[in-house]
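Colleague: What follows is target-v6.cif, mmCIF, C-alpha atoms.
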data_target
loop_
_atom_site.label_atom_id
_atom_site.label_comp_id
_atom_site.auth_asym_id
_atom_site.auth_seq_id
_atom_site.Cartn_x
_atom_site.Cartn_y
_atom_site.Cartn_z
CA MET A 1132 95.50 -111.51 -81.63
CA SER A 1133 92.89 -113.25 -83.76
CA ARG A 1134 93.29 -113.28 -87.52
CA VAL A 1135 90.05 -111.34 -87.91
CA LYS A 1136 91.14 -108.81 -85.33
CA CYS A 1137 94.60 -108.63 -86.87
CA PHE A 1138 93.06 -107.78 -90.24
CA LEU A 1139 90.88 -105.12 -88.67
CA MET A 1140 93.65 -103.49 -86.65
CA SER A 1141 96.03 -103.43 -89.61
CA ALA A 1142 93.45 -101.39 -91.49
CA VAL A 1143 92.94 -98.96 -88.66
CA PHE A 1144 96.51 -98.54 -87.58
CA ALA A 1145 98.11 -98.55 -91.00
CA GLY A 1146 101.33 -96.60 -90.58
CA VAL A 1147 100.97 -96.58 -86.79
CA THR A 1148 101.91 -100.03 -85.54
CA SER A 1149 104.56 -100.69 -88.19
CA GLN A 1150 106.19 -97.30 -87.64
CA ALA A 1151 106.21 -97.73 -83.87
CA CYS A 1152 108.26 -100.92 -83.97
CA ALA A 1153 111.51 -101.64 -85.74
CA GLN A 1154 110.85 -102.78 -89.28
CA THR A 1155 112.82 -106.03 -89.08
CA ALA A 1156 111.92 -108.83 -86.69
CA TRP A 1157 114.53 -111.24 -85.41
CA SER A 1158 114.36 -114.63 -87.05
CA ALA A 1159 115.90 -118.06 -86.64
CA ASP A 1160 115.05 -121.14 -88.70
CA GLN A 1161 111.77 -119.63 -89.99
CA ILE A 1162 110.69 -118.56 -86.49
CA THR A 1163 110.27 -114.79 -86.10
CA PHE A 1164 110.64 -112.97 -82.80
CA SER A 1165 109.16 -109.65 -81.68
CA GLY A 1166 108.77 -108.02 -78.29
CA LEU A 1167 108.30 -104.93 -76.22
CA VAL A 1168 108.91 -103.24 -72.88
CA ASP A 1169 106.23 -100.82 -71.66
CA GLY A 1170 106.44 -98.69 -68.51
CA TYR A 1171 104.65 -95.62 -67.15
CA TYR A 1172 104.19 -93.12 -64.34
CA SER A 1173 100.60 -92.20 -63.45
CA PHE A 1174 99.62 -89.25 -61.24
CA ASN A 1175 96.12 -89.49 -59.71
CA LEU A 1176 94.76 -86.11 -58.60
CA ASN A 1177 92.46 -87.82 -56.08
CA HIS A 1178 95.58 -89.08 -54.22
CA PRO A 1179 93.93 -92.39 -53.29
CA GLU A 1180 95.48 -94.01 -50.24
CA SER A 1181 95.41 -97.33 -52.09
CA ARG A 1182 97.57 -95.82 -54.88
CA HIS A 1183 95.19 -97.46 -57.33
CA ASN A 1184 93.60 -95.97 -60.46
CA GLN A 1185 90.02 -97.17 -60.43
CA LEU A 1186 88.28 -98.39 -63.59
CA ARG A 1187 91.67 -99.05 -65.20
CA ASN A 1188 92.64 -102.54 -66.15
CA PHE A 1189 96.35 -102.22 -67.03
CA ASP A 1190 97.63 -98.78 -65.89
CA VAL A 1191 96.33 -99.44 -62.39
CA SER A 1192 99.17 -98.02 -60.26
CA ALA A 1193 98.81 -94.42 -59.08
CA ASN A 1194 101.57 -91.98 -58.11
CA GLN A 1195 104.41 -94.40 -58.77
CA PHE A 1196 106.57 -95.81 -61.56
CA SER A 1197 105.24 -99.12 -62.90
CA LEU A 1198 106.01 -101.83 -65.43
CA ASN A 1199 102.98 -102.33 -67.62
CA MET A 1200 104.33 -105.16 -69.73
CA ALA A 1201 107.46 -106.88 -70.95
CA LYS A 1202 106.92 -109.66 -73.45
CA LEU A 1203 108.49 -111.75 -76.19
CA THR A 1204 106.61 -113.31 -79.12
CA ALA A 1205 107.75 -116.30 -81.16
CA GLU A 1206 105.81 -117.17 -84.30
CA HIS A 1207 105.98 -119.50 -87.28
CA SER A 1208 103.57 -118.79 -90.14
CA ALA A 1209 101.04 -121.50 -90.96
CA GLU A 1210 102.56 -122.92 -94.16
CA PRO A 1211 100.59 -125.10 -93.68
CA VAL A 1212 101.36 -125.62 -89.96
CA GLY A 1213 102.53 -122.88 -87.59
CA PHE A 1214 102.32 -121.62 -84.04
CA ARG A 1215 102.41 -118.51 -81.90
CA LEU A 1216 103.60 -117.99 -78.33
CA ASP A 1217 103.36 -114.69 -76.41
CA ALA A 1218 105.02 -114.79 -72.98
CA GLY A 1219 105.92 -112.07 -70.50
CA PHE A 1220 105.16 -110.39 -67.21
CA GLY A 1221 103.97 -107.11 -65.69
CA GLU A 1222 100.73 -105.53 -64.51
CA THR A 1223 98.99 -106.35 -67.78
CA PHE A 1224 99.58 -110.08 -67.42
CA ASP A 1225 98.38 -109.96 -63.81
CA ALA A 1226 95.19 -108.14 -64.84
CA ILE A 1227 94.39 -110.51 -67.69
CA HIS A 1228 94.45 -113.53 -65.40
CA ASN A 1229 93.20 -111.95 -62.18
CA SER A 1230 89.80 -113.69 -62.28
CA ASN A 1231 91.19 -117.09 -63.27
CA SER A 1232 91.48 -119.85 -60.69
CA GLU A 1233 94.37 -121.22 -62.76
CA PHE A 1234 96.19 -117.88 -62.40
CA SER A 1235 99.51 -119.39 -61.32
CA THR A 1236 99.80 -121.67 -64.35
CA VAL A 1237 98.90 -119.20 -67.10
CA ARG A 1238 99.83 -115.79 -65.72
CA ASN A 1239 102.88 -115.41 -67.95
CA ILE A 1240 101.25 -116.67 -71.17
CA GLU A 1241 99.16 -114.23 -73.20
CA GLN A 1242 98.67 -116.56 -76.15
CA ALA A 1243 99.79 -120.05 -77.13
CA TYR A 1244 98.24 -121.77 -80.15
CA ILE A 1245 98.88 -123.98 -83.15
CA SER A 1246 97.74 -122.79 -86.60
CA LEU A 1247 96.70 -124.80 -89.64
CA ARG A 1248 96.23 -123.35 -93.14
CA PRO A 1249 95.52 -126.15 -95.63
CA ALA A 1250 96.93 -125.46 -99.08
CA ASN A 1251 93.65 -125.95 -100.96
CA ALA A 1252 91.25 -124.45 -98.41
CA LYS A 1253 90.90 -120.98 -100.03
CA GLY A 1254 92.66 -119.10 -97.22
CA LEU A 1255 91.02 -120.91 -94.30
CA GLN A 1256 93.06 -120.79 -91.09
CA VAL A 1257 92.32 -122.84 -87.98
CA ASP A 1258 93.89 -121.95 -84.60
CA LEU A 1259 93.82 -124.27 -81.59
CA GLY A 1260 94.89 -123.18 -78.11
CA LYS A 1261 94.76 -120.01 -76.04
CA PHE A 1262 94.18 -116.77 -77.98
CA VAL A 1263 93.02 -113.21 -77.27
CA THR A 1264 89.40 -112.31 -77.92
CA SER A 1265 88.21 -110.94 -81.24
CA ALA A 1266 85.95 -108.39 -79.52
CA GLY A 1267 86.87 -104.75 -78.98
CA ALA A 1268 88.31 -101.82 -80.88
CA GLU A 1269 91.56 -101.96 -78.90
CA VAL A 1270 94.13 -104.66 -78.15
CA ILE A 1271 96.27 -105.63 -75.17
CA GLU A 1272 99.57 -104.17 -76.45
CA THR A 1273 99.78 -100.44 -75.75
CA HIS A 1274 101.69 -99.35 -78.85
CA SER A 1275 99.04 -100.87 -81.15
CA ASN A 1276 96.38 -98.51 -79.74
CA TRP A 1277 95.97 -94.77 -80.14
CA ASN A 1278 95.67 -94.05 -76.41
CA TYR A 1279 97.83 -95.32 -73.57
CA SER A 1280 94.98 -96.32 -71.25
CA ARG A 1281 92.28 -98.72 -72.46
CA SER A 1282 88.67 -97.66 -72.84
CA LEU A 1283 85.92 -98.52 -70.38
CA LEU A 1284 84.49 -100.87 -72.99
CA PHE A 1285 87.77 -102.77 -73.33
CA ALA A 1286 88.17 -103.00 -69.56
CA TRP A 1287 84.58 -103.76 -68.49
CA ALA A 1288 82.45 -104.93 -71.42
CA ILE A 1289 84.39 -107.72 -73.14
CA PRO A 1290 86.63 -110.71 -72.29
CA TYR A 1291 90.41 -110.78 -72.68
CA TYR A 1292 91.05 -114.30 -73.99
CA HIS A 1293 89.64 -117.75 -74.70
CA MET A 1294 90.78 -121.37 -74.80
CA GLY A 1295 89.49 -123.42 -77.71
CA ILE A 1296 89.37 -123.43 -81.50
CA ARG A 1297 88.73 -120.62 -83.98
CA THR A 1298 88.53 -120.31 -87.74
CA ALA A 1299 88.83 -117.42 -90.17
CA VAL A 1300 88.35 -117.46 -93.93
CA PRO A 1301 88.19 -114.75 -96.63
CA MET A 1302 84.87 -114.68 -98.46
CA GLY A 1303 85.36 -112.59 -101.54
CA LYS A 1304 87.51 -109.47 -101.73
CA HIS A 1305 85.98 -107.53 -98.84
CA PHE A 1306 84.70 -109.91 -96.15
CA THR A 1307 86.44 -112.21 -93.67
CA GLY A 1308 84.32 -114.44 -91.44
CA GLY A 1309 84.97 -116.94 -88.69
CA VAL A 1310 83.52 -119.27 -86.07
CA GLN A 1311 84.95 -119.99 -82.62
CA LEU A 1312 84.19 -122.73 -80.07
CA VAL A 1313 85.78 -121.94 -76.70
CA ASN A 1314 85.51 -122.96 -73.06
CA ASN A 1315 84.37 -119.61 -71.66
CA TRP A 1316 85.49 -116.02 -70.94
CA ASN A 1317 88.96 -115.65 -69.47
CA GLY A 1318 89.53 -119.27 -68.52
CA MET A 1319 91.76 -122.15 -69.55
CA GLY A 1320 89.62 -124.96 -68.13
CA ASP A 1321 85.84 -124.89 -68.46
CA ASN A 1322 83.68 -124.03 -65.43
CA ASN A 1323 80.69 -126.06 -66.68
CA THR A 1324 79.82 -128.65 -69.32
CA GLY A 1325 78.71 -126.14 -71.94
CA LYS A 1326 80.74 -124.19 -74.50
CA THR A 1327 80.74 -120.60 -75.76
CA ILE A 1328 80.28 -119.92 -79.46
CA GLY A 1329 81.83 -116.91 -81.20
CA LEU A 1330 80.89 -115.54 -84.61
CA THR A 1331 83.17 -112.97 -86.25
CA GLY A 1332 83.02 -110.95 -89.44
CA THR A 1333 84.92 -108.01 -90.89
CA LEU A 1334 83.88 -106.06 -93.97
CA ALA A 1335 86.60 -103.83 -95.44
CA SER A 1336 86.67 -101.61 -98.50
CA GLY A 1337 89.22 -98.86 -99.03
CA PRO A 1338 89.66 -96.79 -95.85
CA LEU A 1339 86.47 -98.19 -94.24
CA SER A 1340 86.28 -101.30 -92.04
CA TRP A 1341 83.30 -102.69 -90.14
CA ALA A 1342 83.85 -105.53 -87.65
CA ASN A 1343 81.17 -107.53 -85.84
CA ASN A 1344 81.63 -110.09 -83.06
CA TYR A 1345 79.02 -112.11 -81.19
CA TYR A 1346 79.71 -114.45 -78.26
CA VAL A 1347 77.05 -116.59 -76.58
CA GLY A 1348 77.22 -119.42 -74.06
CA PRO A 1349 76.87 -120.48 -70.42
CA GLU A 1350 79.40 -118.73 -68.17
CA LYS A 1351 78.20 -119.64 -64.66
CA THR A 1352 80.22 -122.11 -62.59
CA GLY A 1353 78.73 -125.58 -62.36
CA ILE A 1354 75.55 -124.96 -64.39
CA ASN A 1355 74.62 -124.44 -68.01
CA ASP A 1356 71.64 -122.19 -67.29
CA GLY A 1357 71.59 -118.41 -67.66
CA TRP A 1358 73.57 -117.76 -70.85
CA ARG A 1359 75.71 -114.71 -71.48
CA HIS A 1360 75.47 -112.73 -74.71
CA LEU A 1361 77.89 -110.13 -76.07
CA TYR A 1362 77.57 -108.15 -79.28
CA ASP A 1363 80.54 -105.99 -80.25
CA THR A 1364 80.88 -103.83 -83.35
CA THR A 1365 83.45 -101.31 -84.55
CA VAL A 1366 83.40 -98.99 -87.55
CA LEU A 1367 86.79 -97.59 -88.54
CA ILE A 1368 87.98 -95.05 -91.06
CA SER A 1369 91.72 -94.86 -91.62
CA GLY A 1370 93.62 -92.11 -93.40
CA SER A 1371 97.20 -90.99 -93.81
CA LYS A 1372 96.68 -88.02 -91.46
CA ILE A 1373 93.30 -88.51 -89.74
CA SER A 1374 91.71 -91.76 -88.58
CA ALA A 1375 88.60 -92.46 -86.50
CA TYR A 1376 86.60 -95.30 -84.97
CA VAL A 1377 83.30 -95.85 -83.17
CA ASN A 1378 82.88 -98.92 -80.96
CA PHE A 1379 79.61 -100.24 -79.49
CA ASP A 1380 79.13 -103.10 -77.01
CA TYR A 1381 76.01 -104.71 -75.54
CA GLY A 1382 76.19 -107.50 -72.99
CA ALA A 1383 73.54 -109.46 -71.11
CA ASP A 1384 73.94 -112.22 -68.52
CA ARG A 1385 70.68 -114.10 -67.82
CA ILE A 1386 69.88 -114.52 -64.12
CA THR A 1387 69.41 -118.20 -63.28
CA GLY A 1388 65.77 -119.18 -62.95
CA SER A 1389 64.59 -115.79 -64.13
CA ASN A 1390 63.46 -114.09 -67.31
CA THR A 1391 65.63 -111.04 -66.54
CA SER A 1392 69.29 -110.36 -67.19
CA ASN A 1393 72.13 -108.24 -65.90
CA VAL A 1394 72.96 -105.90 -68.77
CA TRP A 1395 75.78 -103.52 -69.67
CA TYR A 1396 76.28 -101.43 -72.81
CA GLY A 1397 78.23 -98.46 -74.06
CA VAL A 1398 79.73 -96.57 -76.95
CA ALA A 1399 83.22 -95.14 -77.51
CA GLY A 1400 84.65 -92.91 -80.22
CA ALA A 1401 88.21 -91.84 -80.94
CA LEU A 1402 90.21 -89.80 -83.43
CA ARG A 1403 93.89 -89.84 -84.30
CA PHE A 1404 95.65 -86.88 -85.89
CA ALA A 1405 99.11 -87.57 -87.32
CA LEU A 1406 100.59 -84.07 -87.15
CA THR A 1407 104.04 -85.13 -88.39
CA ASP A 1408 105.97 -88.36 -88.88
CA HIS A 1409 106.86 -88.20 -85.18
CA ILE A 1410 103.92 -86.48 -83.45
CA ALA A 1411 100.30 -87.60 -83.10
CA VAL A 1412 97.31 -86.56 -80.97
CA ALA A 1413 94.39 -88.86 -80.10
CA PRO A 1414 91.24 -87.80 -78.20
CA ARG A 1415 88.74 -90.44 -77.01
CA MET A 1416 85.26 -90.08 -75.50
CA GLU A 1417 82.91 -92.76 -74.23
CA TRP A 1418 79.73 -93.52 -72.33
CA PHE A 1419 79.16 -96.78 -70.43
CA LYS A 1420 76.04 -98.00 -68.62
CA ASP A 1421 76.60 -100.75 -66.05
CA HIS A 1422 72.87 -101.03 -65.48
CA ASP A 1423 72.98 -103.66 -62.73
CA GLY A 1424 76.56 -103.35 -61.49
CA PHE A 1425 77.50 -106.65 -63.12
CA SER A 1426 80.82 -105.37 -64.53
CA THR A 1427 82.08 -102.68 -62.13
CA GLY A 1428 80.31 -103.82 -58.97
CA THR A 1429 78.16 -100.66 -58.83
CA ALA A 1430 75.03 -99.86 -60.81
CA GLN A 1431 76.16 -96.65 -62.49
CA THR A 1432 76.51 -94.62 -65.65
CA LEU A 1433 80.10 -93.74 -66.51
CA LYS A 1434 81.72 -91.25 -68.87
CA GLU A 1435 85.34 -90.93 -69.84
CA PHE A 1436 87.46 -88.45 -71.78
CA THR A 1437 91.07 -89.07 -72.73
CA LEU A 1438 93.56 -86.89 -74.61
CA THR A 1439 96.81 -88.57 -75.64
CA GLY A 1440 99.89 -87.02 -77.20
CA GLU A 1441 102.46 -89.30 -78.82
CA TYR A 1442 106.06 -88.70 -79.83
CA LYS A 1443 108.09 -91.26 -81.75
CA TRP A 1444 111.75 -90.80 -80.88
CA ALA A 1445 112.97 -93.41 -83.37
CA ASP A 1446 111.83 -96.70 -84.90
CA GLY A 1447 110.87 -98.83 -81.94
CA VAL A 1448 110.83 -96.09 -79.29
CA LEU A 1449 107.87 -93.87 -78.46
CA SER A 1450 106.44 -91.97 -75.51
CA ARG A 1451 102.93 -90.83 -74.65
CA LEU A 1452 101.59 -88.08 -72.44
CA GLU A 1453 97.96 -88.60 -71.46
CA TYR A 1454 95.27 -86.78 -69.52
CA ARG A 1455 92.14 -88.74 -68.59
CA ARG A 1456 88.98 -87.87 -66.68
CA ASP A 1457 86.46 -90.49 -65.55
CA TRP A 1458 83.20 -89.56 -63.89
CA SER A 1459 80.12 -91.40 -62.62
CA ASP A 1460 76.57 -90.58 -61.56
CA GLN A 1461 77.37 -92.37 -58.26
CA PRO A 1462 80.05 -91.84 -55.58
CA PHE A 1463 82.49 -94.46 -56.80
CA PHE A 1464 86.07 -93.16 -56.79
CA ASP A 1465 88.35 -93.05 -53.76
CA ARG A 1466 89.68 -89.69 -52.65
CA GLY A 1467 92.52 -89.84 -50.16
CA ALA A 1468 91.52 -92.26 -47.41
CA GLY A 1469 87.85 -91.92 -48.27
CA LEU A 1470 86.45 -94.93 -50.10
CA ALA A 1471 83.89 -94.30 -52.85
CA THR A 1472 83.49 -90.64 -51.87
CA SER A 1473 84.08 -88.96 -55.23
CA ARG A 1474 82.12 -88.99 -58.48
CA SER A 1475 85.20 -88.28 -60.62
CA GLN A 1476 88.85 -89.17 -61.10
CA ASP A 1477 91.53 -87.23 -63.02
CA THR A 1478 94.88 -88.70 -63.97
CA VAL A 1479 97.99 -87.58 -65.86
CA LEU A 1480 100.23 -90.32 -67.24
CA VAL A 1481 103.61 -90.52 -68.98
CA GLY A 1482 104.39 -93.79 -70.74
CA PHE A 1483 107.43 -95.12 -72.60
CA ILE A 1484 107.39 -98.09 -74.97
CA ALA A 1485 110.28 -99.83 -76.72
CA CYS A 1486 109.49 -102.59 -79.22
CA PHE A 1487 110.89 -104.52 -82.14
CA GLY A 1488 109.35 -106.60 -84.90
CA PHE A 1489 105.71 -106.60 -85.95
CA GLU A 1490 102.77 -107.16 -83.59
CA ARG A 1491 100.54 -109.15 -85.92
#
In structure tokens, how does this file's structure come out?

Modeller:
Amino acid sequence: MSRVKCFLMSAVFAGVTSQACAQTAWSADQITFSGLVDGYYSFNLNHPESRHNQLRNFDVSANQFSLNMAKLTAEHSAEPVGFRLDAGFGETFDAIHNSNSEFSTVRNIEQAYISLRPANAKGLQVDLGKFVTSAGAEVIETHSNWNYSRSLLFAWAIPYYHMGIRTAVPMGKHFTGGVQLVNNWNGMGDNNTGKTIGLTGTLASGPLSWANNYYVGPEKTGINDGWRHLYDTTVLISGSKISAYVNFDYGADRITGSNTSNVWYGVAGALRFALTDHIAVAPRMEWFKDHDGFSTGTAQTLKEFTLTGEYKWADGVLSRLEYRRDWSDQPFFDRGAGLATSRSQDTVLVGFIACFGFER
């Protein structure tokens, strides 16, 4: 994940991510290795004939056992030159690259970049290659989130990854800022002659963190007209027993030759209660407006409620039991053989994750 996003998530999930994975990563000649295996069973009460959970991006399979992700990470810290490579397979990797015409060449690579941290540059780090987006309150790896399923905002409001260059630098004790220049959303090669610019900033003091991300650039194939804008912000409060975040996204994609845009926006909030060293509960609630159907394919207003229970069996092994209800103001969800006949979808999921090392 990005350095800015890494800093933000470490503040939010202090005592969560590190406790989930084994404390010691494998290492060889200054290269550290970490990894995970993540699988689940999801029961969809609508019994869709397609056996597909709609609106999900990673836990898409209904009424069957599925492999969400298996991956291995190799990393060398930038001292002053380093690299990171995340490779694997599973439904998550398929989903990340589903819209990419270069799917076959990148489908097993989540990230691959070189890092530079000059000795006298006051903490500046420059990454060049393929890296996950800085936007969003959640990340791709399940165990680094509070809930098993990803929010509507993570699935439908923001990109997954970029190809290009990014920077991050501490500015004082409480602020980290950065600039990114990338090809586009979710693509290795560019689809036009323009570039997308990203601006990132995280303000942190004590238990409070506030992250802001803004991406702007042409995203339409073959033309540089009709720019896309995304503003993403997350406020997080982390505590030893109770933590919370609120995430807001607003996106607009200008229609070519018009003064109007397709817009989407929403807000999500979540809590995490650490009941014991082994047990945690995390409710999440969100509201998402796909005003013009740009993201989901249907102009609709969506709501979602998720309740996740977590049990850590040992360092590196945890399970989650999750109930989730999605509902829309339009007939959108499949029920049995009927396509788009239901306004709601209820699922119950059991997930198991085994991991080692740190997900940084």

Colleague: For this structure, which residues satisfy the selection - the PyMOL selection byres ((chain A and resi 1347) around 8) - when it is evaluated on the file as given? I want them as a PyMOL selection string.

Modeller: chain A and resi 1327-1329+1345-1346+1348-1349+1358-1361

Colleague: Would you translate the PyMOL selection byres ((chain A and resi 1288) around 9) into the concrete set of residues it matches in this file, as a ChimeraX atom specification?

Modeller: /A:1267,1283-1287,1289-1290,1361,1380-1382,1395-1397,1419,1421,1426

Colleague: Rounded to one decimal, what separation in Å do you get between CA of Glu1222 in chain A and CA of Val1191 in chain A?

Modeller: 7.8 Å

Colleague: Can you translate the PyMOL selection byres ((chain A and resi 1332) around 10) into the concrete residues it hits in this file, as a list in words?

Modeller: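 After applying the PyMOL selection byres ((chain A and resi 1332) around 10), what remains is Val1135, Lys1136, Leu1139, Ser1265, Ala1299, Val1300, Pro1301, Met1302, Phe1306, Thr1307, Gly1308, Gly1309, Val1310, Leu1330, Thr1331, Thr1333, Leu1334, Ala1335, Trp1341, Ala1342, Asn1343, Asn1344, Tyr1345 and Thr1364 of chain A.
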
Colleague: If I take CA of Arg1466 in chain A and CA of Leu1176 in chain A, how far is one from the other in Å, to one decimal?

Modeller: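 Taking CA of Arg1466 in chain A and CA of Leu1176 in chain A, their separation equals 8.6 Å.
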
Colleague: Which of these, A:Met1294, A:Ala1468, A:Ile1354, A:Leu1255, has the shortest distance to His1178 in chain A once you count only C-alpha atoms?

Modeller: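 Among the listed residues, A:Ala1468 lies closest to His1178 in chain A.
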
Colleague: Rounded to one decimal in Å, what is the spacing between CA of Ser1392 in chain A and CA of Gly1424 in chain A?

Modeller: 11.6 Å

Colleague: Out of A:Gly1440, A:Gly1325, A:Gly1428, A:Gly1388, which residue has the shortest atom-to-atom distance to Val1412 in chain A when counting all atoms listed in the file?

Modeller: A:Gly1440

Colleague: Which residue is closest to Gln1256 in chain A? Choose from A:Ser1208, A:Thr1273, A:Asn1315, A:Asn1229 and count all atoms listed in the file.

Modeller: A:Ser1208

Colleague: Using all atoms listed in the file, which of the listed residues (A:Lys1326, A:Arg1182, A:Asp1465, A:Ala1268) sits closest to Phe1196 in chain A?

Modeller: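 Answer, going by the shortest atom-to-atom distance: A:Arg1182.
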
Colleague: For Lys1443 in chain A, find every residue with an atom within 9 Å (counting all atoms listed in the file), except residues of its own chain fewer than 5 positions away, and show them as a list in words.

Modeller: Gln1150, Ala1151, Asp1408, His1409, Ile1410, Ala1411, Val1448, Leu1449, Ser1450 and Arg1451 of chain A

Colleague: Measuring between all atoms listed in the file, which one of A:Thr1478, A:Ser1165, A:Ser1369, A:Asn1175 shows the shortest distance to Gly1219 in chain A?

Modeller: A:Ser1165

Colleague: May I ask which of the residues A:Gly1320, A:Gly1482, A:Gly1221, A:Gly1370 is the closest one to Tyr1454 in chain A, counting all atoms listed in the file?

Modeller: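 That would be A:Gly1482, the residue with the smallest distance to Tyr1454 in chain A.
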
Colleague: For His1183 in chain A, work out the shell of residues within 12 Å, counting only C-alpha atoms and skipping chain neighbours fewer than 2 positions away, then give it as number ranges by chain.

Modeller: A: 1173-1181, 1185-1195, 1197, 1464-1468, 1470, 1476, 1478

Colleague: Find the smallest box with edges along x, y and z containing every listed atom of range 1214-1224 of chain A, then add 8 Å on each side and report centre and edge lengths in Å to one decimal, as JSON.

Modeller:
{"center_x": 102.5, "center_y": -113.6, "center_z": -74.3, "size_x": 22.9, "size_y": 32.1, "size_z": 35.5}

Colleague: Near Val1257 in chain A, counting all atoms listed in the file, which residues have an atom at most 9 Å away, once you skip same-chain residues fewer than 2 positions from it, shown as an MDAnalysis selection string?

Modeller: chainID A and resid 1245:1249 1255 1259 1296:1300
